[in-house]
Each structure stands twice: as structure tokens, then as C-alpha cells.
Amino acid sequence: MPQETAPVTDEFVPAAEPKAGHAPLDAAVETQQDLSAEINALGQAYARALQGGAPAEVQPRLDYPPYRSSILRHPTKSLHHADPETIELYSPAFGHQDVHALEADLTIQHNGEPQGERIIVAGKVLDGDGRPVAGQLVEIWQANASGRYIHKRDQHPAPLDPNFTGIGRCITGPDGSYRFTTIKPGAYPWKNHLNAWRPAHIHFSLFGTEFTQRIITQMYFPGDQLFPLDPIYQTIVDQDARDRLVASYDHNLTEPEWALGYNWDIVLTGSKRTWTENEALGAEGDKE
Amino acid sequence: MSNRTSQLVPTPGQTVGPFFGYALPFEKDNELLAPGSPGSIRLQGTVYDGANQPVPDAILEIWQPDSEGRVTRRTGSLVRDGYTFTGWGRGSVGYTGVFTFTTVNPGPTGPGAAPFISVAIFARGLTNRLFTRIYLPENEEALAKDPLLASLEPERRGTLIARRDPDGGLTWDLHLQGEDETVFLDFQ
């Protein structure tokens, strides 16, 4: 287990000034080539394990060294299996006191229209049994169209947009549905290694009906050329599992002369509580 | 307890990243009740990495029963009215890795049960959220009988048990990695 201090290539370090782009490369800096070699080696080892009969991995690896910030921040002991008890079998409740309906539109939070490609992102939150997660909180945050976060520590020399904050919330409908209107985020550079770029993504924070289903994740856009290069997306070593984070372009969600539409459904882990009939009664009832 | 197995494959988690600080925190997010109100205590601690350095960019959520051991189903956590105990709070660590909540001592949810607070932690560099528990240090009999604590190696049990502060509050540190690594839970 490495005990050194955090690697120098830390994502908090401000990105290079625009004019420094042609400075000679520091030989000590890790390149994308170095990182890609590590990513590919881990991917190949996983493929061999799968062929050897290992089960598919459905969650990111906590220990994934190409994501340098994870090196000192992952547990080295295996997680302890526990049966959820009492409070863990319930989830905090949120309602319309907590979230205003307009918070789902990230394009109307200021006086003017934000720059960029207006999009609608919509889908459903389901539990592992396919039941809709109704009346529950969904939070999102993202970079603007230039790939810049409003966060004070993001020093990426791309313009802030005075008309875009990049935060949204909503409460899911009775069928588990959510819908946000926003701007397509740009890719953004970070300091994991030299010339590291995150694929465009929207952070999603979700609650289920039990606290054990709590999850924070990221939604990506189809066809992004940065997927194979990104150590965070690649913390999930299984291609099918990675694909579950990628939205689908959906022309039915697209609004004429207004916004392109993307669909992304989220499946939480299975529920452990024994459900009463009323609780389990989604739009289609319990299929079991 | 149901033995049902999930029919759908869950969506994977991802790291909360470095830039949650303008999005996830909200006013009074870490005040499950108003500081100084009757019965309120401070729950505090530090998040450490594997080099025993404080982690300055983590965010914790706690979810707990009230002082009588009741699980509340009240809404209003995001826009607190100052009176309703919702049982849930969110607290970011500061530059020194320290988090603080104002809450109550959770009550036992059943006769003889060891009271605990459920915790989810997110951080830059942490690829998926982790779950753990904070037990109250009192009532050793209940702690000894607790199914989870009883299933742990004795030297790791302590990572889930808070210390009682002189002012009546609780201190509980979280170690993501290292010799004192906190016990993290897998519920699947």
C-alpha cells in the first residue's frame, strides 16, 4: 500500500494558462500514453478473468490506481457484509417543500439565456426490482458549455457563463420519472496526468426507498471519444456496466426548434425491506 | 427480511469529484436541529486518508432515528423550518478534514438495540460511496449483543463507536485507508 503523499498530478492544481500550452514537456509528468497503458492492462486482465469464469463487475473498483486521487482514498480491507437494519431500511423523505418545480430547469436561473446547446435529460429512477422510485430527490450538477465549473477551485481558463450555474434538483413523479432542461456540458481538463480531459458528464445524486440505495454517479453522452482515455469512467472495468452510465439520444424527447433530448434511466440496488402491498404498488403493480 | 434478488442490474456509482461544493451543500444542511436547542449535541470528526492526512474534499450524510428511536418520515430536510426533525443531514468537511453535525443522540429502535447513526461518505478520489455506522459509546451490553459489531474482529469494532465528549457531544473519525481503516459496509 503506497504511503507517499498524494501524487503531484492532482486535479486541484489549476490547469495550465492558455499560453503555456506549448511549453516543453516536463519529463516527470505522466502522459496520456502512460495512463492508457495502465488502463488497458487492467482492462485486459479483467477480460481474461471474465473468460476464466469470473463474475462481471457491476460497480467501479474502489482500488483503481490510474485514477491517482484514489490511491490513498480506497479501503484496503474488503467491505464487511451486513444486513441492513431499522433506519437503513428507510430513506429520508423529500417533498415539494424541499424542491421548487422550477429548479429542474437550469436554463432559467439568471436573467439571460446560457450559452451552449440546450438539452432535455429525462428518464426514470427504478429500484432493482423495476419498481419506480416515486417522490424522491434527484440532484444534478455540471460544467457549463465551455467545460467550466462555477466552483471556485476550477481554474480551467474557459469562460464562466453569467447565465449558468449548473445546479438542478427535482422530485421524481409517481412513475419514478425525472426531467431536467439544461445545457450540454463541455469536456474539461484536469490534472490526473498531462493532457487529461474528462468526457462531458452530468453528476447525478439519487436516493431510493432505503438508505442502502443511496448513490452518486455521472451520466455521459453517447459516442464520446474520451471514454477510453478517462481514468474515472474506466474505474468501471466492465463495458456493459460502463454503458449503463451513457444516455441515449432520444428524438422523442427532442423539442422542435428548442432542445435536443437524451434519455437515461437509473436502476438502484435491490430493496431489502419486505414491502407492503401499498408501497410496492407502482403503476403496474409488483410483477413478482 | 426479504430474500428477493434483484432482477435489474444496478447503475454503477462514480466519484462525487472535486466540484460538489457549490452544488450539494445547502443552508443548515448539517443542522438536523438548531444548535443549542434542548437535546441537541455536536457530532464531529475528521476524515483521513491512507497517509493519515486529513481529506479536505469529502462530504458525509447521516440518517438516524430520533431520540426515542423512531424513524421519521418527515420531509423538509432541504428547507428546514427549525422545528421538524427529519433525521437526515449532509455535512462537507472543511480544509482540515473536519465535519460537524448538530443532531440528537439516536434512541434504540427496539428493546435492547444498540443505537446507531447510518453514514454515507463521498469524496474526490473515492470511486463510489461508502456506508458505515456510528454507534453511541454507552450501554456496553447492547453493543456486545449488536449483530454487526459482534461479527467484527475485536480490533476493528472500535472504528464504529464514537467517543463521548465532555460537552455531551460525539467525536468519531473516519479513516478511508490505513491501520485504523473504518469498517465499511456492503449491504448487497
# chains A, B, ... in the order shown; residues from 1 in each chain; ligands from 1
call {"tool": "residues_around", "arguments": {"residues": "Gly95 (chain A)", "least_positions_apart": "4", "cutoff": "12 Å", "atoms": "only C-alpha atoms", "output": "PDB file with N, CA, C and O atoms, in the first residue's frame"}}
result
ATOM      1  N   VAL A  99     -38.102  21.196  -2.738  1.00  0.00           N
ATOM      2  CA  VAL A  99     -37.641  21.492  -4.098  1.00  0.00           C
ATOM      3  C   VAL A  99     -38.746  22.207  -4.868  1.00  0.00           C
ATOM      4  O   VAL A  99     -39.877  21.714  -4.952  1.00  0.00           O
ATOM      5  N   HIS A 100     -38.412  23.343  -5.429  1.00  0.00           N
ATOM      6  CA  HIS A 100     -39.375  24.057  -6.276  1.00  0.00           C
ATOM      7  C   HIS A 100     -39.351  23.464  -7.683  1.00  0.00           C
ATOM      8  O   HIS A 100     -38.289  23.067  -8.170  1.00  0.00           O
ATOM      9  N   ALA A 101     -40.505  23.427  -8.325  1.00  0.00           N
ATOM     10  CA  ALA A 101     -40.614  22.814  -9.656  1.00  0.00           C
ATOM     11  C   ALA A 101     -39.642  23.450 -10.655  1.00  0.00           C
ATOM     12  O   ALA A 101     -39.118  22.769 -11.539  1.00  0.00           O
ATOM     13  N   ALA A 134     -40.727   6.720  -6.509  1.00  0.00           N
ATOM     14  CA  ALA A 134     -41.617   7.878  -6.653  1.00  0.00           C
ATOM     15  C   ALA A 134     -41.355   8.898  -5.555  1.00  0.00           C
ATOM     16  O   ALA A 134     -41.001   8.549  -4.429  1.00  0.00           O
ATOM     17  N   GLY A 135     -41.529  10.167  -5.894  1.00  0.00           N
ATOM     18  CA  GLY A 135     -41.475  11.229  -4.894  1.00  0.00           C
ATOM     19  C   GLY A 135     -40.130  11.346  -4.206  1.00  0.00           C
ATOM     20  O   GLY A 135     -40.050  11.694  -3.038  1.00  0.00           O
ATOM     21  N   GLN A 136     -39.069  11.075  -4.909  1.00  0.00           N
ATOM     22  CA  GLN A 136     -37.747  11.078  -4.288  1.00  0.00           C
ATOM     23  C   GLN A 136     -36.850  12.128  -4.961  1.00  0.00           C
ATOM     24  O   GLN A 136     -37.048  12.522  -6.108  1.00  0.00           O
ATOM     25  N   LEU A 137     -35.840  12.555  -4.218  1.00  0.00           N
ATOM     26  CA  LEU A 137     -34.978  13.660  -4.648  1.00  0.00           C
ATOM     27  C   LEU A 137     -33.948  13.217  -5.688  1.00  0.00           C
ATOM     28  O   LEU A 137     -33.285  12.192  -5.520  1.00  0.00           O
ATOM     29  N   VAL A 138     -33.813  14.024  -6.740  1.00  0.00           N
ATOM     30  CA  VAL A 138     -32.718  13.875  -7.711  1.00  0.00           C
ATOM     31  C   VAL A 138     -31.991  15.213  -7.765  1.00  0.00           C
ATOM     32  O   VAL A 138     -32.626  16.261  -7.919  1.00  0.00           O
ATOM     33  N   ARG A 169     -32.381  20.401  -9.366  1.00  0.00           N
ATOM     34  CA  ARG A 169     -32.998  19.410  -8.485  1.00  0.00           C
ATOM     35  C   ARG A 169     -34.399  19.129  -8.972  1.00  0.00           C
ATOM     36  O   ARG A 169     -35.038  20.007  -9.569  1.00  0.00           O
ATOM     37  N   CYS A 170     -34.880  17.948  -8.689  1.00  0.00           N
ATOM     38  CA  CYS A 170     -36.300  17.690  -8.885  1.00  0.00           C
ATOM     39  C   CYS A 170     -36.740  16.547  -7.978  1.00  0.00           C
ATOM     40  O   CYS A 170     -35.911  15.871  -7.360  1.00  0.00           O
ATOM     41  N   ILE A 171     -38.042  16.377  -7.870  1.00  0.00           N
ATOM     42  CA  ILE A 171     -38.641  15.262  -7.143  1.00  0.00           C
ATOM     43  C   ILE A 171     -39.263  14.347  -8.198  1.00  0.00           C
ATOM     44  O   ILE A 171     -39.993  14.813  -9.082  1.00  0.00           O
ATOM     45  N   THR A 172     -38.984  13.047  -8.125  1.00  0.00           N
ATOM     46  CA  THR A 172     -39.485  12.136  -9.151  1.00  0.00           C
ATOM     47  C   THR A 172     -41.014  12.046  -9.088  1.00  0.00           C
ATOM     48  O   THR A 172     -41.625  12.166  -8.027  1.00  0.00           O
ATOM     49  N   GLY A 173     -41.603  11.789 -10.249  1.00  0.00           N
ATOM     50  CA  GLY A 173     -43.049  11.626 -10.339  1.00  0.00           C
ATOM     51  C   GLY A 173     -43.479  10.254  -9.836  1.00  0.00           C
ATOM     52  O   GLY A 173     -42.648   9.425  -9.445  1.00  0.00           O
TER      53      GLY A 173
ATOM     54  N   ARG B  73     -40.493  10.059   8.984  1.00  0.00           N
ATOM     55  CA  ARG B  73     -40.755  10.086   7.544  1.00  0.00           C
ATOM     56  C   ARG B  73     -41.089  11.510   7.110  1.00  0.00           C
ATOM     57  O   ARG B  73     -41.769  11.717   6.114  1.00  0.00           O
ATOM     58  N   ARG B  74     -40.636  12.481   7.885  1.00  0.00           N
ATOM     59  CA  ARG B  74     -40.997  13.872   7.593  1.00  0.00           C
ATOM     60  C   ARG B  74     -40.112  14.438   6.485  1.00  0.00           C
ATOM     61  O   ARG B  74     -38.911  14.192   6.443  1.00  0.00           O
ATOM     62  N   THR B  75     -40.712  15.214   5.599  1.00  0.00           N
ATOM     63  CA  THR B  75     -39.952  15.938   4.586  1.00  0.00           C
ATOM     64  C   THR B  75     -39.431  17.236   5.195  1.00  0.00           C
ATOM     65  O   THR B  75     -39.696  17.544   6.354  1.00  0.00           O
ATOM     66  N   GLY B  76     -38.685  17.987   4.394  1.00  0.00           N
ATOM     67  CA  GLY B  76     -38.233  19.299   4.866  1.00  0.00           C
ATOM     68  C   GLY B  76     -36.765  19.363   5.239  1.00  0.00           C
ATOM     69  O   GLY B  76     -36.339  20.302   5.902  1.00  0.00           O
ATOM     70  N   SER B  77     -35.984  18.384   4.796  1.00  0.00           N
ATOM     71  CA  SER B  77     -34.551  18.432   5.110  1.00  0.00           C
ATOM     72  C   SER B  77     -33.831  19.551   4.359  1.00  0.00           C
ATOM     73  O   SER B  77     -32.864  20.117   4.862  1.00  0.00           O
ATOM     74  N   LEU B  78     -34.274  19.832   3.130  1.00  0.00           N
ATOM     75  CA  LEU B  78     -33.543  20.805   2.305  1.00  0.00           C
ATOM     76  C   LEU B  78     -33.923  22.243   2.651  1.00  0.00           C
ATOM     77  O   LEU B  78     -33.140  23.164   2.443  1.00  0.00           O
ATOM     78  N   VAL B  79     -35.139  22.426   3.099  1.00  0.00           N
ATOM     79  CA  VAL B  79     -35.602  23.752   3.526  1.00  0.00           C
ATOM     80  C   VAL B  79     -36.101  23.572   4.955  1.00  0.00           C
ATOM     81  O   VAL B  79     -37.258  23.281   5.192  1.00  0.00           O
ATOM     82  N   ARG B  80     -35.192  23.684   5.893  1.00  0.00           N
ATOM     83  CA  ARG B  80     -35.521  23.341   7.273  1.00  0.00           C
ATOM     84  C   ARG B  80     -36.358  24.434   7.917  1.00  0.00           C
ATOM     85  O   ARG B  80     -36.064  25.625   7.754  1.00  0.00           O
ATOM     86  N   THR B  86     -35.969  15.763  10.770  1.00  0.00           N
ATOM     87  CA  THR B  86     -36.154  14.878   9.611  1.00  0.00           C
ATOM     88  C   THR B  86     -35.228  13.675   9.660  1.00  0.00           C
ATOM     89  O   THR B  86     -35.377  12.746   8.872  1.00  0.00           O
TER      90      THR B  86
END
call {"tool": "interface_residues", "arguments": {"of": "chain B", "to": "chain A", "cutoff": "6 Å", "atoms": "only C-alpha atoms", "output": "short mmCIF file (atom, residue, chain, number, x, y, z; two decimals) with C-alpha atoms, in the first residue's frame"}}
result
data_model
loop_
_atom_site.label_atom_id
_atom_site.label_comp_id
_atom_site.auth_asym_id
_atom_site.auth_seq_id
_atom_site.Cartn_x
_atom_site.Cartn_y
_atom_site.Cartn_z
CA MET B 1 -36.45 -9.64 5.67
CA SER B 2 -36.95 -10.48 2.04
CA SER B 6 -32.68 -8.01 -7.87
CA GLN B 7 -33.94 -8.50 -11.36
CA LEU B 8 -32.28 -5.46 -12.87
CA PRO B 10 -27.88 -1.55 -10.87
CA THR B 11 -26.42 1.56 -12.43
CA PRO B 12 -22.80 1.95 -11.29
CA GLY B 13 -21.73 4.75 -8.99
CA GLN B 14 -18.97 7.25 -9.77
CA PHE B 19 -16.60 20.22 -7.57
CA TYR B 22 -21.27 24.58 -4.99
CA ALA B 23 -23.99 22.00 -5.62
CA ASP B 49 -6.66 9.18 4.00
CA GLY B 50 -4.20 6.28 3.92
CA ALA B 51 -1.28 8.57 4.78
CA ARG B 73 -40.75 10.09 7.54
CA THR B 75 -39.95 15.94 4.59
CA GLY B 76 -38.23 19.30 4.87
CA LEU B 78 -33.54 20.80 2.30
CA VAL B 79 -35.60 23.75 3.53
CA GLY B 125 -10.77 10.09 -5.20
CA LEU B 126 -13.38 7.77 -3.73
CA THR B 127 -14.82 6.00 -6.76
CA LEU B 176 -10.66 5.72 4.40
CA GLN B 177 -7.50 3.62 4.48
CA PHE B 184 -17.33 -0.04 5.63
CA LEU B 185 -20.47 -1.99 4.89
CA ASP B 186 -21.73 -3.92 1.90
CA PHE B 187 -25.49 -4.39 2.06
#
call {"tool": "residues_around", "arguments": {"residues": "region 111-118 of chain B", "least_positions_apart": "3", "cutoff": "7 Å", "atoms": "only C-alpha atoms", "output": "list in words"}}
result
Glu88 of chain A; Ile62, Trp63, Gln64, Pro106, Gly107, Pro108, Thr132, Arg133, Ile134, Tyr135, Leu136, Ala142, Leu143 and Asp146 of chain B
call {"tool": "select_by_dssp", "arguments": {"residues": "region 9-186 of chain B", "states": "strand (DSSP E or B)", "output": "VMD selection string"}}
result
chain B and resid 31 41 to 48 54 58 to 63 88 to 92 98 to 103 116 to 123 130 to 135 161 163 to 164 170 to 171 174 to 175 185 to 186
call {"tool": "write_last_selection", "arguments": {"atoms": "N, CA and C atoms", "output": "CSV table (one decimal), in the first residue's frame"}}
result
chain,number,residue,atom,x,y,z
B,31,GLU,N,-27.5,20.8,10.1
B,31,GLU,CA,-28.2,21.1,11.4
B,31,GLU,C,-29.5,20.3,11.4
B,41,ILE,N,-26.9,17.8,20.3
B,41,ILE,CA,-25.5,17.5,20.5
B,41,ILE,C,-24.7,17.8,19.3
B,42,ARG,N,-23.4,18.0,19.4
B,42,ARG,CA,-22.5,18.1,18.3
B,42,ARG,C,-21.9,16.8,18.0
B,43,LEU,N,-22.0,16.4,16.7
B,43,LEU,CA,-21.3,15.2,16.2
B,43,LEU,C,-20.2,15.7,15.3
B,44,GLN,N,-19.0,15.4,15.6
B,44,GLN,CA,-17.9,15.9,14.8
B,44,GLN,C,-16.8,14.8,14.6
B,45,GLY,N,-16.0,15.1,13.7
B,45,GLY,CA,-14.9,14.1,13.4
B,45,GLY,C,-14.0,14.6,12.2
B,46,THR,N,-13.0,13.8,11.9
B,46,THR,CA,-12.1,14.2,10.8
B,46,THR,C,-12.0,13.0,9.9
B,47,VAL,N,-12.0,13.3,8.6
B,47,VAL,CA,-11.8,12.2,7.6
B,47,VAL,C,-10.3,12.2,7.2
B,48,TYR,N,-9.8,11.0,7.3
B,48,TYR,CA,-8.3,10.8,7.0
B,48,TYR,C,-8.1,9.9,5.8
B,54,PRO,N,-5.6,14.6,6.7
B,54,PRO,CA,-7.0,14.9,6.6
B,54,PRO,C,-7.4,15.1,5.1
B,58,ALA,N,-14.3,15.9,1.2
B,58,ALA,CA,-15.3,14.8,1.4
B,58,ALA,C,-16.6,15.4,1.9
B,59,ILE,N,-17.6,14.6,1.7
B,59,ILE,CA,-18.9,15.1,2.1
B,59,ILE,C,-19.7,13.9,2.7
B,60,LEU,N,-20.2,14.0,3.9
B,60,LEU,CA,-20.9,12.9,4.6
B,60,LEU,C,-22.4,13.2,4.7
B,61,GLU,N,-23.1,12.1,4.7
B,61,GLU,CA,-24.5,12.2,5.1
B,61,GLU,C,-24.8,11.3,6.2
B,62,ILE,N,-25.7,11.8,7.2
B,62,ILE,CA,-26.1,11.0,8.3
B,62,ILE,C,-27.6,10.8,8.2
B,63,TRP,N,-28.1,9.7,8.7
B,63,TRP,CA,-29.5,9.3,8.6
B,63,TRP,C,-29.8,8.5,9.9
B,88,TRP,N,-32.2,13.4,8.7
B,88,TRP,CA,-31.1,13.3,7.7
B,88,TRP,C,-30.4,14.7,7.6
B,89,GLY,N,-29.1,14.6,7.4
B,89,GLY,CA,-28.3,15.8,7.3
B,89,GLY,C,-27.1,15.5,6.4
B,90,ARG,N,-26.5,16.6,5.9
B,90,ARG,CA,-25.4,16.5,5.0
B,90,ARG,C,-24.3,17.5,5.5
B,91,GLY,N,-23.1,17.0,5.5
B,91,GLY,CA,-22.0,17.9,6.0
B,91,GLY,C,-20.7,17.7,5.3
B,92,SER,N,-20.3,18.8,4.7
B,92,SER,CA,-19.0,18.8,4.0
B,92,SER,C,-17.9,19.0,5.0
B,98,VAL,N,-12.4,18.3,8.8
B,98,VAL,CA,-13.3,18.2,9.9
B,98,VAL,C,-14.8,18.4,9.5
B,99,PHE,N,-15.7,17.5,9.9
B,99,PHE,CA,-17.1,17.7,9.6
B,99,PHE,C,-17.8,17.9,11.0
B,100,THR,N,-18.9,18.5,10.9
B,100,THR,CA,-19.7,18.8,12.1
B,100,THR,C,-21.2,18.6,11.8
B,101,PHE,N,-21.9,18.0,12.7
B,101,PHE,CA,-23.4,18.0,12.6
B,101,PHE,C,-24.0,18.4,13.9
B,102,THR,N,-25.1,19.0,13.9
B,102,THR,CA,-25.9,19.2,15.1
B,102,THR,C,-27.1,18.2,15.0
B,103,THR,N,-27.2,17.3,16.0
B,103,THR,CA,-28.2,16.3,16.0
B,103,THR,C,-28.6,15.9,17.4
B,116,PHE,N,-27.6,3.5,16.7
B,116,PHE,CA,-26.5,4.0,15.8
B,116,PHE,C,-27.1,5.0,14.8
B,117,ILE,N,-26.1,5.7,14.1
B,117,ILE,CA,-26.4,6.6,13.1
B,117,ILE,C,-25.8,6.0,11.8
B,118,SER,N,-26.6,6.0,10.7
B,118,SER,CA,-26.2,5.4,9.4
B,118,SER,C,-25.4,6.6,8.7
B,119,VAL,N,-24.3,6.2,8.0
B,119,VAL,CA,-23.5,7.2,7.4
B,119,VAL,C,-23.2,6.8,6.0
B,120,ALA,N,-23.2,7.7,5.1
B,120,ALA,CA,-22.7,7.5,3.7
B,120,ALA,C,-21.6,8.6,3.5
B,121,ILE,N,-20.5,8.2,2.9
B,121,ILE,CA,-19.4,9.2,2.6
B,121,ILE,C,-19.1,9.2,1.2
B,122,PHE,N,-18.8,10.4,0.7
B,122,PHE,CA,-18.4,10.6,-0.7
B,122,PHE,C,-17.2,11.5,-0.7
B,123,ALA,N,-16.3,11.3,-1.6
B,123,ALA,CA,-15.1,12.2,-1.6
B,123,ALA,C,-14.5,12.1,-3.0
B,130,LEU,N,-19.3,5.1,0.2
B,130,LEU,CA,-19.2,4.0,1.2
B,130,LEU,C,-20.2,4.2,2.3
B,131,PHE,N,-20.7,3.1,2.9
B,131,PHE,CA,-21.6,3.2,4.0
B,131,PHE,C,-20.9,2.7,5.3
B,132,THR,N,-21.2,3.3,6.4
B,132,THR,CA,-20.8,2.8,7.7
B,132,THR,C,-21.8,3.2,8.8
B,133,ARG,N,-21.4,3.0,10.0
B,133,ARG,CA,-22.3,3.3,11.1
B,133,ARG,C,-21.5,4.0,12.2
B,134,ILE,N,-22.2,4.8,13.0
B,134,ILE,CA,-21.6,5.4,14.2
B,134,ILE,C,-22.5,4.9,15.4
B,135,TYR,N,-21.9,4.1,16.3
B,135,TYR,CA,-22.6,3.7,17.5
B,135,TYR,C,-22.3,4.6,18.6
B,161,ILE,N,-17.5,3.0,16.8
B,161,ILE,CA,-18.0,3.5,18.1
B,161,ILE,C,-17.5,4.9,18.4
B,163,ARG,N,-16.7,8.5,20.5
B,163,ARG,CA,-16.3,8.9,21.8
B,163,ARG,C,-17.2,10.0,22.3
B,164,ARG,N,-17.5,9.9,23.6
B,164,ARG,CA,-18.4,10.9,24.2
B,164,ARG,C,-17.5,12.1,24.6
B,170,LEU,N,-20.5,14.0,20.4
B,170,LEU,CA,-19.8,12.8,20.0
B,170,LEU,C,-18.7,13.2,19.1
B,171,THR,N,-17.6,12.4,19.2
B,171,THR,CA,-16.5,12.5,18.2
B,171,THR,C,-16.3,11.2,17.6
B,174,LEU,N,-13.2,9.2,10.7
B,174,LEU,CA,-13.3,8.2,9.6
B,174,LEU,C,-12.0,8.1,8.9
B,175,HIS,N,-11.5,6.8,8.8
B,175,HIS,CA,-10.2,6.6,8.1
B,175,HIS,C,-10.6,5.8,6.8
B,185,LEU,N,-19.5,-0.9,5.0
B,185,LEU,CA,-20.5,-2.0,4.9
B,185,LEU,C,-20.9,-2.2,3.5
B,186,ASP,N,-21.2,-3.5,3.2
B,186,ASP,CA,-21.7,-3.9,1.9
B,186,ASP,C,-23.1,-4.5,2.2
call {"tool": "atom_distance", "arguments": {"atom1": "CA of Ala158 (chain A)", "atom2": "CA of Thr96 (chain B)"}}
result
29.4 Å
call {"tool": "atom_distance", "arguments": {"atom1": "CA of Asp250 (chain A)", "atom2": "CA of Asn128 (chain B)"}}
result
28.3 Å
call {"tool": "residues_around", "arguments": {"residues": "Arg198 (chain A)", "least_positions_apart": "2", "cutoff": "7 Å", "atoms": "only C-alpha atoms", "output": "PyMOL selection string"}}
result
chain A and resi 187-189+196+200+226+230
call {"tool": "write_last_selection", "arguments": {"atoms": "N, CA and C atoms", "output": "mmCIF file, in the first residue's frame"}}
result
data_model
loop_
_atom_site.group_PDB
_atom_site.id
_atom_site.type_symbol
_atom_site.label_atom_id
_atom_site.label_comp_id
_atom_site.auth_asym_id
_atom_site.auth_seq_id
_atom_site.Cartn_x
_atom_site.Cartn_y
_atom_site.Cartn_z
ATOM 1 N N ALA A 187 -16.377 19.108 -22.305
ATOM 2 C CA ALA A 187 -15.308 18.323 -21.677
ATOM 3 C C ALA A 187 -14.464 19.280 -20.842
ATOM 4 N N TYR A 188 -13.835 18.779 -19.790
ATOM 5 C CA TYR A 188 -12.960 19.699 -19.055
ATOM 6 C C TYR A 188 -11.636 19.039 -18.684
ATOM 7 N N PRO A 189 -10.577 19.847 -18.690
ATOM 8 C CA PRO A 189 -9.246 19.310 -18.415
ATOM 9 C C PRO A 189 -9.007 19.204 -16.914
ATOM 10 N N ALA A 196 -5.007 15.449 -19.524
ATOM 11 C CA ALA A 196 -6.150 14.642 -19.089
ATOM 12 C C ALA A 196 -7.430 15.449 -19.293
ATOM 13 N N ALA A 200 -17.562 14.764 -21.366
ATOM 14 C CA ALA A 200 -18.689 15.579 -20.878
ATOM 15 C C ALA A 200 -19.594 14.713 -20.010
ATOM 16 N N LEU A 226 -13.566 10.462 -25.603
ATOM 17 C CA LEU A 226 -12.678 10.469 -24.437
ATOM 18 C C LEU A 226 -12.893 9.261 -23.522
ATOM 19 N N ASP A 230 -10.285 8.043 -20.141
ATOM 20 C CA ASP A 230 -10.659 8.679 -18.871
ATOM 21 C C ASP A 230 -10.579 7.707 -17.700
#
call {"tool": "select_by_dssp", "arguments": {"residues": "region 13-226 of chain A", "states": "alpha helix (DSSP H)", "output": "VMD selection string"}}
result
chain A and resid 32 to 51
call {"tool": "decode", "arguments": {"residues": "region 66-78 of chain B", "atoms": "N, CA, C and O atoms", "output": "compact mmCIF listing (two decimals), in the first residue's frame"}}
result
# COMPACT_ATOMS: atom_id res chain seq x y z
N ASP B 66 -34.90 9.36 15.75
CA ASP B 66 -34.90 10.45 16.74
C ASP B 66 -34.48 9.90 18.11
O ASP B 66 -34.12 8.71 18.23
N SER B 67 -34.54 10.75 19.12
CA SER B 67 -34.01 10.34 20.43
C SER B 67 -34.85 9.23 21.06
O SER B 67 -34.40 8.57 22.00
N GLU B 68 -36.06 9.01 20.54
CA GLU B 68 -36.91 7.93 21.04
C GLU B 68 -36.75 6.66 20.21
O GLU B 68 -37.48 5.69 20.41
N GLY B 69 -35.88 6.70 19.21
CA GLY B 69 -35.69 5.53 18.36
C GLY B 69 -36.69 5.41 17.24
O GLY B 69 -36.77 4.37 16.58
N ARG B 70 -37.45 6.49 17.00
CA ARG B 70 -38.44 6.46 15.92
C ARG B 70 -37.81 6.89 14.61
O ARG B 70 -37.06 7.88 14.56
N VAL B 71 -38.15 6.17 13.55
CA VAL B 71 -37.70 6.56 12.21
C VAL B 71 -38.69 7.57 11.68
O VAL B 71 -39.87 7.27 11.52
N THR B 72 -38.22 8.77 11.43
CA THR B 72 -39.14 9.81 10.97
C THR B 72 -39.33 9.70 9.46
O THR B 72 -38.44 9.28 8.74
N ARG B 73 -40.49 10.06 8.98
CA ARG B 73 -40.75 10.09 7.54
C ARG B 73 -41.09 11.51 7.11
O ARG B 73 -41.77 11.72 6.11
N ARG B 74 -40.64 12.48 7.89
CA ARG B 74 -41.00 13.87 7.59
C ARG B 74 -40.11 14.44 6.48
O ARG B 74 -38.91 14.19 6.44
N THR B 75 -40.71 15.21 5.60
CA THR B 75 -39.95 15.94 4.59
C THR B 75 -39.43 17.24 5.19
O THR B 75 -39.70 17.54 6.35
N GLY B 76 -38.68 17.99 4.39
CA GLY B 76 -38.23 19.30 4.87
C GLY B 76 -36.76 19.36 5.24
O GLY B 76 -36.34 20.30 5.90
N SER B 77 -35.98 18.38 4.80
CA SER B 77 -34.55 18.43 5.11
C SER B 77 -33.83 19.55 4.36
O SER B 77 -32.86 20.12 4.86
N LEU B 78 -34.27 19.83 3.13
CA LEU B 78 -33.54 20.80 2.30
C LEU B 78 -33.92 22.24 2.65
O LEU B 78 -33.14 23.16 2.44
